[in-house]
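What follows is the content of upload.cif, which has mmCIF, C-alpha atoms (C1' of nucleotides):
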data_final
loop_
_atom_site.label_atom_id
_atom_site.label_comp_id
_atom_site.auth_asym_id
_atom_site.auth_seq_id
_atom_site.Cartn_x
_atom_site.Cartn_y
_atom_site.Cartn_z
CA MET A 1 -24.97 13.42 40.80
CA TYR A 2 -24.64 13.00 37.03
CA GLN A 3 -26.76 15.35 34.98
CA LEU A 4 -27.22 14.79 31.27
CA LEU A 5 -27.43 18.16 29.53
CA LYS A 6 -27.49 17.22 25.90
CA GLN A 7 -27.16 14.19 23.67
CA GLU A 8 -26.08 13.71 20.06
CA GLY A 9 -26.46 10.08 19.04
CA HIS A 10 -24.74 8.20 21.85
CA ALA A 11 -22.46 11.14 22.68
CA ARG A 12 -23.32 12.85 25.97
CA ARG A 13 -22.74 16.34 27.33
CA GLY A 14 -23.21 16.52 31.08
CA THR A 15 -22.03 17.51 34.53
CA PHE A 16 -20.95 15.45 37.50
CA GLN A 17 -21.11 16.72 41.06
CA THR A 18 -18.28 15.72 43.40
CA PRO A 19 -17.44 16.83 46.98
CA HIS A 20 -14.79 19.12 45.47
CA GLY A 21 -16.84 20.69 42.72
CA ILE A 22 -18.69 20.07 39.51
CA VAL A 23 -17.00 18.41 36.56
CA GLN A 24 -18.07 19.30 33.03
CA THR A 25 -18.19 16.15 30.90
CA PRO A 26 -16.85 14.72 28.68
CA VAL A 27 -13.65 15.21 30.65
CA PHE A 28 -10.04 14.08 30.56
CA MET A 29 -8.44 13.42 33.94
CA ASN A 30 -4.84 14.56 34.25
CA VAL A 31 -2.70 11.78 35.67
CA GLY A 32 -0.62 12.56 38.76
CA THR A 33 0.28 9.06 39.87
CA GLN A 34 2.36 9.99 42.90
CA ALA A 35 0.53 13.23 43.77
CA ALA A 36 2.54 15.06 41.12
CA ILE A 37 2.35 15.25 37.35
CA LYS A 38 5.46 13.58 35.95
CA GLY A 39 7.42 16.22 34.10
CA ALA A 40 7.68 18.57 37.07
CA LEU A 41 4.14 19.97 37.13
CA SER A 42 2.33 21.05 40.27
CA ALA A 43 -1.26 21.40 41.35
CA ALA A 44 -0.96 25.11 40.56
CA ASP A 45 0.16 24.24 37.02
CA LEU A 46 -2.91 22.03 36.59
CA LYS A 47 -5.14 25.02 37.26
CA THR A 48 -3.32 27.04 34.61
CA LEU A 49 -3.68 24.23 32.09
CA GLY A 50 -7.44 23.95 32.58
CA CYS A 51 -7.46 20.64 34.42
CA GLN A 52 -10.83 19.85 36.01
CA ILE A 53 -10.04 16.60 37.78
CA GLU A 54 -6.79 14.95 38.78
CA LEU A 55 -6.03 11.23 39.04
CA SER A 56 -3.68 9.70 41.57
CA ASN A 57 -2.72 6.18 42.36
CA THR A 58 -3.67 4.06 45.34
CA TYR A 59 -0.87 1.55 44.93
CA HIS A 60 1.95 4.07 44.50
CA LEU A 61 0.86 6.32 47.37
CA HIS A 62 0.35 3.31 49.63
CA VAL A 63 3.92 2.14 48.97
CA ARG A 64 5.32 5.68 49.30
CA PRO A 65 4.83 7.83 51.34
CA GLY A 66 2.04 5.68 52.82
CA ASP A 67 -1.71 6.37 52.85
CA GLU A 68 -1.85 6.73 56.64
CA LEU A 69 0.77 9.46 56.49
CA ILE A 70 -1.35 11.31 53.93
CA ARG A 71 -4.47 10.81 56.06
CA ASP A 72 -2.63 12.20 59.11
CA LEU A 73 -1.59 15.23 57.06
CA GLY A 74 -5.22 15.95 56.18
CA GLY A 75 -5.75 13.88 53.05
CA LEU A 76 -4.51 13.99 49.48
CA HIS A 77 -6.19 17.29 48.54
CA LYS A 78 -4.41 19.17 51.28
CA PHE A 79 -1.17 17.23 50.85
CA MET A 80 -0.75 18.16 47.18
CA THR A 81 -2.74 21.42 47.50
CA TRP A 82 -5.22 20.47 44.80
CA ASP A 83 -8.69 21.69 45.76
CA GLY A 84 -10.51 20.21 42.76
CA PRO A 85 -11.90 16.71 42.34
CA ILE A 86 -9.55 13.72 42.61
CA LEU A 87 -10.07 10.18 41.37
CA THR A 88 -7.86 7.43 42.75
CA ASP A 89 -7.17 4.29 40.80
CA SER A 90 -7.58 1.17 42.92
CA GLY A 91 -4.20 -0.48 42.47
CA GLY A 92 -5.75 -3.35 40.56
CA PHE A 93 -4.18 -2.40 37.26
CA GLN A 94 -0.75 -1.74 38.77
CA ILE A 95 -0.63 -5.15 40.38
CA PHE A 96 -1.32 -6.72 37.02
CA SER A 97 0.97 -4.45 35.02
CA LEU A 98 3.89 -3.85 37.38
CA ALA A 99 4.20 -6.92 39.59
CA GLU A 100 5.99 -9.84 38.02
CA LEU A 101 5.27 -12.39 40.69
CA ARG A 102 1.76 -12.35 42.05
CA LYS A 103 -0.73 -14.75 43.51
CA ILE A 104 -4.43 -14.17 42.97
CA LYS A 105 -6.80 -15.69 45.48
CA GLU A 106 -10.42 -15.04 46.38
CA GLU A 107 -9.23 -12.89 49.26
CA GLY A 108 -7.00 -10.66 47.14
CA VAL A 109 -3.58 -10.52 45.53
CA SER A 110 -0.06 -11.04 46.97
CA PHE A 111 2.79 -9.43 45.10
CA ASN A 112 6.12 -7.71 45.56
CA SER A 113 6.59 -3.96 45.83
CA HIS A 114 8.28 -2.39 42.82
CA VAL A 115 10.08 0.00 45.18
CA ASP A 116 11.78 -2.30 47.67
CA GLY A 117 10.56 -5.77 46.78
CA ARG A 118 8.73 -6.37 50.05
CA LYS A 119 5.64 -8.55 50.00
CA ILE A 120 2.35 -6.70 49.82
CA PHE A 121 -1.18 -8.04 50.05
CA MET A 122 -4.04 -6.09 48.54
CA GLY A 123 -7.67 -7.04 48.27
CA PRO A 124 -10.92 -5.04 48.04
CA GLU A 125 -10.87 -4.04 51.73
CA GLU A 126 -7.23 -2.93 51.63
CA SER A 127 -7.77 -0.89 48.48
CA MET A 128 -10.85 0.80 49.94
CA ARG A 129 -9.10 1.53 53.25
CA ILE A 130 -6.19 3.14 51.39
CA GLN A 131 -8.46 5.20 49.13
CA ALA A 132 -10.53 6.30 52.15
CA ASN A 133 -7.31 7.40 53.83
CA LEU A 134 -6.33 9.36 50.74
CA GLY A 135 -9.79 10.98 50.73
CA SER A 136 -10.25 11.12 46.98
CA ASP A 137 -13.65 12.09 45.57
CA ILE A 138 -13.94 9.00 43.41
CA ALA A 139 -12.53 5.66 44.52
CA MET A 140 -12.16 2.97 41.89
CA ALA A 141 -13.13 -0.63 42.52
CA PHE A 142 -10.42 -3.22 43.10
CA ASP A 143 -10.56 -5.42 40.01
CA GLU A 144 -8.54 -7.85 37.97
CA CYS A 145 -7.47 -6.44 34.64
CA VAL A 146 -7.12 -9.50 32.44
CA LYS A 147 -4.68 -9.65 29.58
CA ILE A 148 -5.86 -9.64 25.99
CA PRO A 149 -5.84 -12.27 24.70
CA SER A 150 -6.90 -14.58 27.56
CA PRO A 151 -8.89 -17.83 27.43
CA TYR A 152 -12.67 -17.39 27.58
CA ASP A 153 -13.08 -19.51 30.70
CA TYR A 154 -10.36 -17.63 32.54
CA VAL A 155 -12.01 -14.28 31.74
CA LYS A 156 -15.42 -15.61 32.76
CA ASN A 157 -14.15 -16.76 36.17
CA SER A 158 -12.16 -13.56 36.61
CA CYS A 159 -15.25 -11.41 35.94
CA ALA A 160 -17.24 -13.36 38.50
CA ARG A 161 -14.52 -12.77 41.07
CA THR A 162 -14.29 -9.06 40.16
CA THR A 163 -18.04 -8.83 40.81
CA ARG A 164 -17.65 -10.45 44.22
CA TRP A 165 -14.75 -8.09 44.93
CA LEU A 166 -16.95 -5.14 43.93
CA GLN A 167 -19.58 -6.09 46.49
CA ARG A 168 -16.87 -6.22 49.14
CA CYS A 169 -15.54 -2.83 47.93
CA LYS A 170 -18.96 -1.25 48.31
CA THR A 171 -19.43 -2.58 51.84
CA ALA A 172 -15.90 -1.70 52.94
CA LEU A 173 -15.89 1.84 51.56
CA ALA A 174 -19.29 2.61 53.08
CA ASP A 175 -17.91 1.37 56.40
CA TYR A 176 -14.74 3.48 56.26
CA ASN A 177 -16.56 6.61 55.19
CA SER A 178 -19.28 6.37 57.81
CA ARG A 179 -16.68 6.77 60.55
CA GLU A 180 -16.50 10.07 62.36
CA ASP A 181 -12.91 10.76 61.30
CA ALA A 182 -13.46 9.97 57.59
CA VAL A 183 -11.23 12.16 55.42
CA ASN A 184 -13.86 12.61 52.71
CA PRO A 185 -17.30 11.29 53.78
CA GLY A 186 -18.74 12.10 50.36
CA GLN A 187 -16.27 9.80 48.57
CA MET A 188 -17.92 7.78 45.80
CA LEU A 189 -17.19 4.33 44.39
CA PHE A 190 -17.07 3.53 40.66
CA GLY A 191 -17.47 -0.06 39.51
CA ILE A 192 -15.30 -1.48 36.73
CA ASN A 193 -16.53 -3.60 33.87
CA GLN A 194 -14.24 -6.36 32.59
CA GLY A 195 -14.54 -9.18 30.08
CA ALA A 196 -11.68 -8.65 27.64
CA VAL A 197 -13.14 -8.50 24.11
CA PHE A 198 -15.81 -11.15 24.75
CA HIS A 199 -19.00 -9.16 24.28
CA ASP A 200 -21.27 -11.63 26.08
CA LEU A 201 -19.00 -11.60 29.15
CA ARG A 202 -18.78 -7.79 29.06
CA ILE A 203 -22.57 -7.53 28.97
CA GLU A 204 -23.17 -10.18 31.62
CA HIS A 205 -20.63 -8.52 33.92
CA MET A 206 -22.05 -5.05 33.28
CA LYS A 207 -25.55 -6.19 34.20
CA GLN A 208 -24.26 -7.67 37.46
CA ILE A 209 -22.36 -4.59 38.57
CA ALA A 210 -25.11 -2.20 37.45
CA ASP A 211 -27.34 -3.89 40.04
CA LEU A 212 -25.11 -2.50 42.78
CA ASP A 213 -26.32 1.00 41.90
CA LEU A 214 -22.97 2.75 42.18
CA PRO A 215 -22.42 6.47 41.38
CA GLY A 216 -20.45 5.65 38.22
CA TYR A 217 -19.14 2.87 36.04
CA ALA A 218 -15.90 2.31 34.20
CA ILE A 219 -14.91 0.17 31.27
CA GLY A 220 -11.57 -1.36 32.18
CA GLY A 221 -9.17 -3.73 30.53
CA LEU A 222 -9.13 -2.06 27.12
CA ALA A 223 -6.31 -0.41 25.19
CA VAL A 224 -4.03 -3.22 26.29
CA GLY A 225 -3.03 -4.50 22.90
CA GLU A 226 -6.26 -5.15 21.03
CA SER A 227 -6.98 -3.22 17.83
CA HIS A 228 -8.78 0.11 17.92
CA GLN A 229 -11.70 -1.48 16.10
CA GLU A 230 -11.98 -4.27 18.69
CA MET A 231 -11.92 -1.65 21.43
CA TYR A 232 -14.65 0.41 19.76
CA ASN A 233 -16.78 -2.68 19.12
CA THR A 234 -16.46 -3.69 22.77
CA ILE A 235 -17.49 -0.23 23.98
CA GLU A 236 -20.50 -0.27 21.66
CA ALA A 237 -21.52 -3.71 22.91
CA VAL A 238 -21.43 -2.83 26.59
CA GLU A 239 -22.53 0.81 26.44
CA GLU A 240 -26.20 0.08 26.02
CA TYR A 241 -26.14 -1.86 29.31
CA MET A 242 -24.49 0.97 31.24
CA PRO A 243 -26.86 3.08 33.38
CA LYS A 244 -27.86 6.22 31.49
CA ASP A 245 -27.97 8.33 34.64
CA LYS A 246 -24.39 7.55 35.70
CA PRO A 247 -21.09 8.71 34.24
CA ARG A 248 -19.09 6.26 32.11
CA TYR A 249 -15.32 6.16 32.41
CA LEU A 250 -13.10 4.49 29.80
CA MET A 251 -9.96 3.66 31.75
CA GLY A 252 -6.53 4.43 30.40
CA VAL A 253 -7.69 5.76 27.03
CA GLY A 254 -6.17 7.17 25.02
CA THR A 255 -5.07 8.99 21.92
CA PRO A 256 -7.00 12.12 20.90
CA GLY A 257 -8.70 10.00 18.22
CA ASN A 258 -9.58 7.30 20.77
CA ILE A 259 -11.17 9.95 22.98
CA ILE A 260 -13.18 11.48 20.14
CA GLU A 261 -14.41 8.00 19.18
CA GLY A 262 -15.06 7.14 22.84
CA VAL A 263 -17.22 10.22 23.31
CA TRP A 264 -19.05 9.30 20.12
CA ARG A 265 -19.88 5.94 21.75
CA GLY A 266 -21.18 7.44 24.99
CA VAL A 267 -18.13 7.76 27.26
CA ASP A 268 -17.86 10.68 29.72
CA PHE A 269 -14.52 10.23 31.54
CA PHE A 270 -11.06 9.43 30.21
CA ASP A 271 -7.56 9.28 31.58
CA CYS A 272 -4.28 8.41 29.96
CA VAL A 273 -0.57 8.69 30.63
CA MET A 274 0.01 9.45 26.97
CA PRO A 275 0.17 13.27 27.03
CA ALA A 276 2.66 13.11 29.90
CA ARG A 277 4.70 10.06 28.92
CA ASN A 278 4.91 10.89 25.24
CA GLY A 279 5.58 14.49 26.13
CA ARG A 280 8.57 13.44 28.19
CA HIS A 281 9.93 11.80 25.06
CA GLY A 282 9.31 14.79 22.83
CA HIS A 283 6.07 13.70 21.17
CA LEU A 284 3.79 16.69 21.06
CA PHE A 285 0.14 16.88 20.12
CA THR A 286 -0.99 19.68 17.83
CA TRP A 287 -4.19 20.59 16.01
CA SER A 288 -2.47 19.50 12.80
CA GLY A 289 -1.22 16.14 14.09
CA ILE A 290 1.61 14.72 16.20
CA ILE A 291 5.16 16.01 15.98
CA ASN A 292 8.44 14.75 17.46
CA ILE A 293 10.11 17.95 18.59
CA LYS A 294 13.50 16.19 18.68
CA ASN A 295 13.50 15.80 14.91
CA GLU A 296 16.28 17.62 13.12
CA LYS A 297 13.80 19.50 10.93
CA TYR A 298 12.89 21.71 13.92
CA LYS A 299 16.48 22.79 14.55
CA LEU A 300 15.93 26.23 13.02
CA ASP A 301 12.14 26.43 13.43
CA ASP A 302 11.32 29.70 15.13
CA SER A 303 7.55 29.10 15.26
CA PRO A 304 5.62 27.88 18.31
CA ILE A 305 4.90 24.15 18.79
CA ASP A 306 1.36 24.80 17.58
CA PRO A 307 0.20 28.22 16.35
CA ALA A 308 -3.36 27.16 17.24
CA CYS A 309 -2.46 26.40 20.89
CA ASP A 310 -3.16 28.74 23.80
CA CYS A 311 -0.77 27.08 26.28
CA PRO A 312 1.87 29.13 28.12
CA VAL A 313 4.70 27.44 26.22
CA CYS A 314 3.27 28.19 22.78
CA GLN A 315 2.70 31.82 23.78
CA ARG A 316 6.40 32.37 24.28
CA TYR A 317 8.87 29.70 23.11
CA SER A 318 9.94 28.33 19.74
CA ARG A 319 10.21 24.77 18.44
CA ALA A 320 13.95 25.34 17.99
CA TYR A 321 14.32 26.28 21.66
CA LEU A 322 12.28 23.32 22.88
CA ARG A 323 14.28 20.99 20.62
CA HIS A 324 17.46 22.39 22.10
CA LEU A 325 16.17 21.79 25.65
CA PHE A 326 15.46 18.16 24.75
CA LYS A 327 18.80 17.61 23.08
CA ALA A 328 20.53 19.19 26.08
CA ASP A 329 18.55 17.00 28.52
CA GLU A 330 17.25 19.99 30.42
CA MET A 331 14.41 19.29 32.86
CA LEU A 332 12.65 22.30 31.41
CA ALA A 333 12.14 20.34 28.19
CA MET A 334 9.89 17.82 29.91
CA ARG A 335 8.06 20.45 31.87
CA PHE A 336 7.27 22.46 28.74
CA ALA A 337 6.35 19.40 26.69
CA VAL A 338 4.04 17.94 29.32
CA ALA A 339 2.42 21.33 30.00
CA HIS A 340 1.74 21.75 26.29
CA ASN A 341 0.33 18.24 25.88
CA LEU A 342 -1.90 18.47 28.95
CA ARG A 343 -3.22 21.81 27.76
CA PHE A 344 -3.86 20.22 24.37
CA TYR A 345 -5.87 17.39 25.96
CA ASN A 346 -7.84 19.73 28.22
CA ARG A 347 -8.50 22.05 25.29
CA LEU A 348 -9.55 19.05 23.19
CA MET A 349 -12.20 18.25 25.79
CA GLU A 350 -13.35 21.88 25.85
CA ARG A 351 -13.81 21.78 22.11
CA ILE A 352 -15.62 18.45 22.33
CA ARG A 353 -18.02 19.93 24.88
CA ASP A 354 -18.49 23.05 22.74
CA ALA A 355 -19.27 20.90 19.73
CA LEU A 356 -21.80 18.88 21.74
CA ASP A 357 -23.39 22.07 23.10
CA ALA A 358 -23.74 23.34 19.54
CA GLY A 359 -25.06 20.01 18.25
CA GLU A 360 -22.11 19.76 15.87
CA TYR A 361 -20.23 16.82 17.29
CA GLU A 362 -20.56 14.59 14.27
CA ALA A 363 -18.79 17.20 12.13
CA PHE A 364 -16.14 17.73 14.79
CA ARG A 365 -15.48 14.00 14.93
CA LYS A 366 -15.16 13.77 11.17
CA GLN A 367 -12.71 16.64 11.06
CA TYR A 368 -10.39 15.56 13.89
CA SER A 369 -10.73 11.87 14.75
CA THR A 370 -8.02 10.69 12.35
CA LEU A 371 -6.15 13.96 11.89
CA LEU A 372 -5.07 14.36 15.52
CA ASP A 373 -3.55 10.87 15.69
CA THR A 374 -1.53 11.35 12.52
CA ARG A 375 2.19 11.96 12.67
CA ILE A 376 3.34 14.93 10.64
"C1'" G B 377 68.11 18.26 15.41
"C1'" U B 378 68.08 12.57 16.89
"C1'" G B 379 65.31 8.27 18.35
"C1'" G B 380 60.56 6.12 19.40
"C1'" G B 381 55.17 6.18 19.22
"C1'" U B 382 50.32 7.47 17.29
"C1'" A B 383 47.05 8.60 13.07
"C1'" U B 384 40.45 4.03 11.45
"C1'" A B 385 32.90 7.07 12.32
"C1'" G B 386 31.30 13.46 15.42
"C1'" C B 387 34.29 11.50 20.23
"C1'" U B 388 37.21 7.44 22.72
"C1'" C B 389 39.12 3.35 20.52
"C1'" A B 390 39.12 -2.25 18.53
"C1'" G B 391 40.53 -4.51 13.90
"C1'" U B 392 43.76 -11.91 14.03
"C1'" U B 393 48.90 -15.25 9.41
"C1'" G B 394 47.00 -9.53 4.10
"C1'" G B 395 40.50 -11.68 2.44
"C1'" C B 396 33.09 -7.87 2.62
"C1'" A B 397 35.03 -1.69 7.87
"C1'" G B 398 33.78 -2.64 13.86
"C1'" A B 399 32.23 -1.31 19.36
"C1'" G B 400 30.61 2.16 23.11
"C1'" C B 401 29.00 7.01 23.42
"C1'" A B 402 27.15 10.89 20.19
"C1'" C B 403 23.96 11.56 16.07
"C1'" C B 404 19.40 10.29 12.94
"C1'" G B 405 14.56 7.97 13.11
"C1'" G B 406 10.55 4.97 15.40
"C1'" A B 407 7.68 2.99 19.74
"C1'" U B 408 5.06 4.21 24.32
"C1'" U B 409 -2.93 3.93 26.13
"C1'" G B 410 -6.29 2.74 34.62
"C1'" U B 411 2.83 5.80 34.39
"C1'" G B 412 8.93 2.10 37.71
"C1'" G B 413 11.00 9.92 34.11
"C1'" U B 414 17.34 7.15 33.10
"C1'" U B 415 13.02 2.31 28.84
"C1'" C B 416 12.65 -0.42 24.19
"C1'" C B 417 13.41 -0.96 18.73
"C1'" G B 418 15.77 0.40 14.12
"C1'" G B 419 19.78 3.12 11.34
"C1'" G B 420 26.82 3.31 10.30
"C1'" U B 421 26.76 8.53 9.21
"C1'" G B 422 33.99 6.17 6.83
"C1'" C B 423 38.96 9.29 0.98
"C1'" C B 424 41.19 3.75 7.44
"C1'" G B 425 46.08 11.38 7.73
"C1'" A B 426 48.29 12.19 2.43
"C1'" G B 427 51.23 10.20 -1.86
"C1'" G B 428 53.63 6.12 -4.11
"C1'" G B 429 55.02 0.73 -4.15
"C1'" U B 430 54.51 -4.91 -3.44
"C1'" U B 431 50.20 -8.27 -4.15
"C1'" C B 432 44.84 -11.62 -7.41
"C1'" G B 433 43.68 -8.66 -3.05
"C1'" A B 434 46.40 -3.61 1.67
"C1'" G B 435 43.43 -0.50 7.56
"C1'" C B 436 47.41 -4.31 8.08
"C1'" C B 437 53.66 -5.19 4.41
"C1'" C B 438 57.61 -1.48 2.06
"C1'" C B 439 59.13 3.77 0.77
"C1'" U B 440 58.14 9.04 1.06
"C1'" U B 441 55.55 12.84 3.45
"C1'" U B 442 52.39 15.64 7.09
"C1'" A B 443 50.38 16.42 11.97
"C1'" C B 444 50.44 15.36 17.01
"C1'" C B 445 52.70 12.90 21.50
"C1'" C B 446 57.04 11.09 24.39
"C1'" A B 447 62.29 10.80 25.36
"C1'" C B 448 67.16 12.66 24.42
"C1'" C B 449 70.42 16.69 22.58
#

Represent the supplied structure as structure tokens.
Amino acid sequence: MYQLLKQEGHARRGTFQTPHGIVQTPVFMNVGTQAAIKGALSAADLKTLGCQIELSNTYHLHVRPGDELIRDLGGLHKFMTWDGPILTDSGGFQIFSLAELRKIKEEGVSFNSHVDGRKIFMGPEESMRIQANLGSDIAMAFDECVKIPSPYDYVKNSCARTTRWLQRCKTALADYNSREDAVNPGQMLFGINQGAVFHDLRIEHMKQIADLDLPGYAIGGLAVGESHQEMYNTIEAVEEYMPKDKPRYLMGVGTPGNIIEGVWRGVDFFDCVMPARNGRHGHLFTWSGIINIKNEKYKLDDSPIDPACDCPVCQRYSRAYLRHLFKADEMLAMRFAVAHNLRFYNRLMERIRDALDAGEYEAFRKQYSTLLDTRI
RNA sequence: GUGGGUAUAGCUCAGUUGGCAGAGCACCGGAUUGUGGUUCCGGGUGCCGAGGGUUCGAGCCCCUUUACCCACC
């Protein structure tokens, strides 16, 4: 399903076939947690912004409106009217980032809903059943995302359990999707590598999950507080043990610079809330660096957010107008900011792929890796 | 016209027997990495209506004055 087209050092240019179309990689997945992009963007907007693949969330959609409801309405693609590929996160991360009180056992995790506080149990089988009901193209494994820092022995035991959970995920998902009424019989499962920043645990865990011969593999549990250098070192350590013929997904990353450096180290898939969340707070990405559109210095600035941007907002509206919308708390402010940022990220990936196609990625990385993360 | 009240940050207002000028909101700036959109962190931006007096020292006490508010002629 993954086809490697071209390589420059560890960086890979490729394609990935899903039931809802081919994805050109490296790719950034646009995050629509609750079947909508926060900031008032729709599936139709995603098309306009050049989104190839959308990411939604197992945990959130299970809590509300309920995965069975979505299944009964024809699956997530039909529900949100997105006909491209969808990846669903497993809920593992949310349990460890949102739930305050939780109990981890071999069977799974008990925790309280962030919506109404009711007790929820989720384990590998539950996560796979929910993701099968949603009918995404890529289901993520149910894992434990350990904090950094965590004690070595805790991480070691956690990785072993995540491996056992992955075996259960594989069995359960195959079972759900072999049923006659499966929403998306071609749904694939990606395994998730853990191990905090302990390279030996990362490698040992990667070897174990690679044996399961899944359609793709993710590096999870990074960008949770460790330094950029530690993150890059960890990717480098584990990358050589990741199957060459499968896509690699660095979960939750990151800044434009993180993505450029991730691609340089052999990563194919990224996702991050940053363009949407930061956009909602007025932080905009440009080809000259990051700006805060709320700053007073843009009060009288009649130029577009980024003269080098081809997004619908930059074609028409000024920095001064967008600043006004933010100061006035208009919903349009968020919509414009998020649209611009998502277009920036999708365009960034286009340029990364172009550079790889041309064999000029090293120069591209040198020019932009630091620049794009710099505040101006 | 007479009597009373008020006047302190952009706004609404605290400010003790006279002792370094305060709060909320607004404003200015920062944070945010497999998303609880309303979150978190930092910053006081001031001729204390004006003028004079008492005092070592006045937002506070005294006098004058201005503006606004209330009541009564």

Based on only C-alpha atoms (C1' of nucleotides), which of the residues in chain A come within 6 Å of chain B? I want them as a PDB file with C-alpha atoms, in the coordinates of the input.
ATOM      1  CA  ALA A 223      -6.310  -0.410  25.190  1.00  0.00           C
ATOM      2  CA  MET A 251      -9.960   3.660  31.750  1.00  0.00           C
ATOM      3  CA  GLY A 252      -6.530   4.430  30.400  1.00  0.00           C
ATOM      4  CA  VAL A 253      -7.690   5.760  27.030  1.00  0.00           C
ATOM      5  CA  GLY A 254      -6.170   7.170  25.020  1.00  0.00           C
ATOM      6  CA  VAL A 273      -0.570   8.690  30.630  1.00  0.00           C
TER       7      VAL A 273
END

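Take atom CA of A:Pro185 and atom CA of A:Asp137: the distance between them is 9.0 Å.
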
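Coordinates place atom CA of A:Gly92 at a distance of 13.3 Å from atom CA of A:Lys105.
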
Find the residue from B:A407, B:C445, B:G435, B:G428 that sits nearest to B:A390; use only C-alpha atoms (C1' of nucleotides) when measuring.
B:G435

Could the centre and edge lengths of an axis-aligned box, enclosing all atoms of stretch 339-353 of chain A in the file with 6 Å extra on each side, be given in Å to one decimal as AutoDock Vina command-line options?
--center_x -7.8 --center_y 19.7 --center_z 26.1 --size_x 32.4 --size_y 16.7 --size_z 19.9

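Shell of stretch 422-424 of chain B at 10 Å, with only C-alpha atoms (C1' of nucleotides) counted and residues fewer than 6 places along the chain excluded, is A383, U384, A385, A397 and G435 of chain B.
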
If we count all atoms listed in the file and set the cut-off at 12 Å, which residues sit around B:G400, ignoring sequence neighbours fewer than 2 positions away in its own chain? Please answer as a ChimeraX atom specification.
/B:387-390,398,402

Would you list the contacts of A:Gly21 as a compact mmCIF listing (two decimals) with C-alpha atoms, keeping the file's coordinate frame, taking every protein, DNA or RNA residue within 12 Å and counting only C-alpha atoms (C1' of nucleotides), but skipping same-chain residues closer than 4 positions in sequence?
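Saved the output as part_18.txt:
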# COMPACT_ATOMS: atom_id res chain seq x y z
CA MET A 1 -24.97 13.42 40.80
CA THR A 15 -22.03 17.51 34.53
CA PHE A 16 -20.95 15.45 37.50
CA GLN A 17 -21.11 16.72 41.06
CA GLN A 52 -10.83 19.85 36.01
CA ILE A 53 -10.04 16.60 37.78
CA TRP A 82 -5.22 20.47 44.80
CA ASP A 83 -8.69 21.69 45.76
CA GLY A 84 -10.51 20.21 42.76
CA PRO A 85 -11.90 16.71 42.34
CA ILE A 86 -9.55 13.72 42.61
CA ASP A 137 -13.65 12.09 45.57
CA GLY A 186 -18.74 12.10 50.36

Nearest to A:Tyr176, chosen from A:Met128, A:Ala196, A:Ile352, A:Cys145, with only C-alpha atoms counted in the distances
A:Met128

Could you tell me which residues the PyMOL selection byres ((chain A and resi 40-48) around 12) grabs in this file, written as a short mmCIF file (atom, residue, chain, number, x, y, z; two decimals) with C-alpha atoms (C1' of nucleotides), in the coordinates of the input?
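Below is the file that was written, expr-v1.cif:
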data_model
loop_
_atom_site.label_atom_id
_atom_site.label_comp_id
_atom_site.auth_asym_id
_atom_site.auth_seq_id
_atom_site.Cartn_x
_atom_site.Cartn_y
_atom_site.Cartn_z
CA MET A 29 -8.44 13.42 33.94
CA ASN A 30 -4.84 14.56 34.25
CA VAL A 31 -2.70 11.78 35.67
CA GLY A 32 -0.62 12.56 38.76
CA THR A 33 0.28 9.06 39.87
CA GLN A 34 2.36 9.99 42.90
CA ALA A 35 0.53 13.23 43.77
CA ALA A 36 2.54 15.06 41.12
CA ILE A 37 2.35 15.25 37.35
CA LYS A 38 5.46 13.58 35.95
CA GLY A 39 7.42 16.22 34.10
CA LEU A 49 -3.68 24.23 32.09
CA GLY A 50 -7.44 23.95 32.58
CA CYS A 51 -7.46 20.64 34.42
CA GLN A 52 -10.83 19.85 36.01
CA ILE A 53 -10.04 16.60 37.78
CA GLU A 54 -6.79 14.95 38.78
CA LEU A 55 -6.03 11.23 39.04
CA SER A 56 -3.68 9.70 41.57
CA LEU A 76 -4.51 13.99 49.48
CA HIS A 77 -6.19 17.29 48.54
CA LYS A 78 -4.41 19.17 51.28
CA PHE A 79 -1.17 17.23 50.85
CA MET A 80 -0.75 18.16 47.18
CA THR A 81 -2.74 21.42 47.50
CA TRP A 82 -5.22 20.47 44.80
CA ASP A 83 -8.69 21.69 45.76
CA GLY A 84 -10.51 20.21 42.76
CA PRO A 85 -11.90 16.71 42.34
CA ILE A 86 -9.55 13.72 42.61
CA ALA A 276 2.66 13.11 29.90
CA GLY A 279 5.58 14.49 26.13
CA ARG A 280 8.57 13.44 28.19
CA ASP A 310 -3.16 28.74 23.80
CA CYS A 311 -0.77 27.08 26.28
CA PRO A 312 1.87 29.13 28.12
CA VAL A 313 4.70 27.44 26.22
CA GLU A 330 17.25 19.99 30.42
CA MET A 331 14.41 19.29 32.86
CA LEU A 332 12.65 22.30 31.41
CA ALA A 333 12.14 20.34 28.19
CA MET A 334 9.89 17.82 29.91
CA ARG A 335 8.06 20.45 31.87
CA PHE A 336 7.27 22.46 28.74
CA ALA A 337 6.35 19.40 26.69
CA VAL A 338 4.04 17.94 29.32
CA ALA A 339 2.42 21.33 30.00
CA HIS A 340 1.74 21.75 26.29
CA ASN A 341 0.33 18.24 25.88
CA LEU A 342 -1.90 18.47 28.95
CA ARG A 343 -3.22 21.81 27.76
CA TYR A 345 -5.87 17.39 25.96
CA ASN A 346 -7.84 19.73 28.22
CA ARG A 347 -8.50 22.05 25.29
"C1'" G B 413 11.00 9.92 34.11
#

Every residue with an atom at most 7 Å from (11.3, 2.0, 19.2) (file coordinates; all atoms listed in the file) is what I'm after, so could you write them as number ranges by chain?
B: 406-407, 416-418
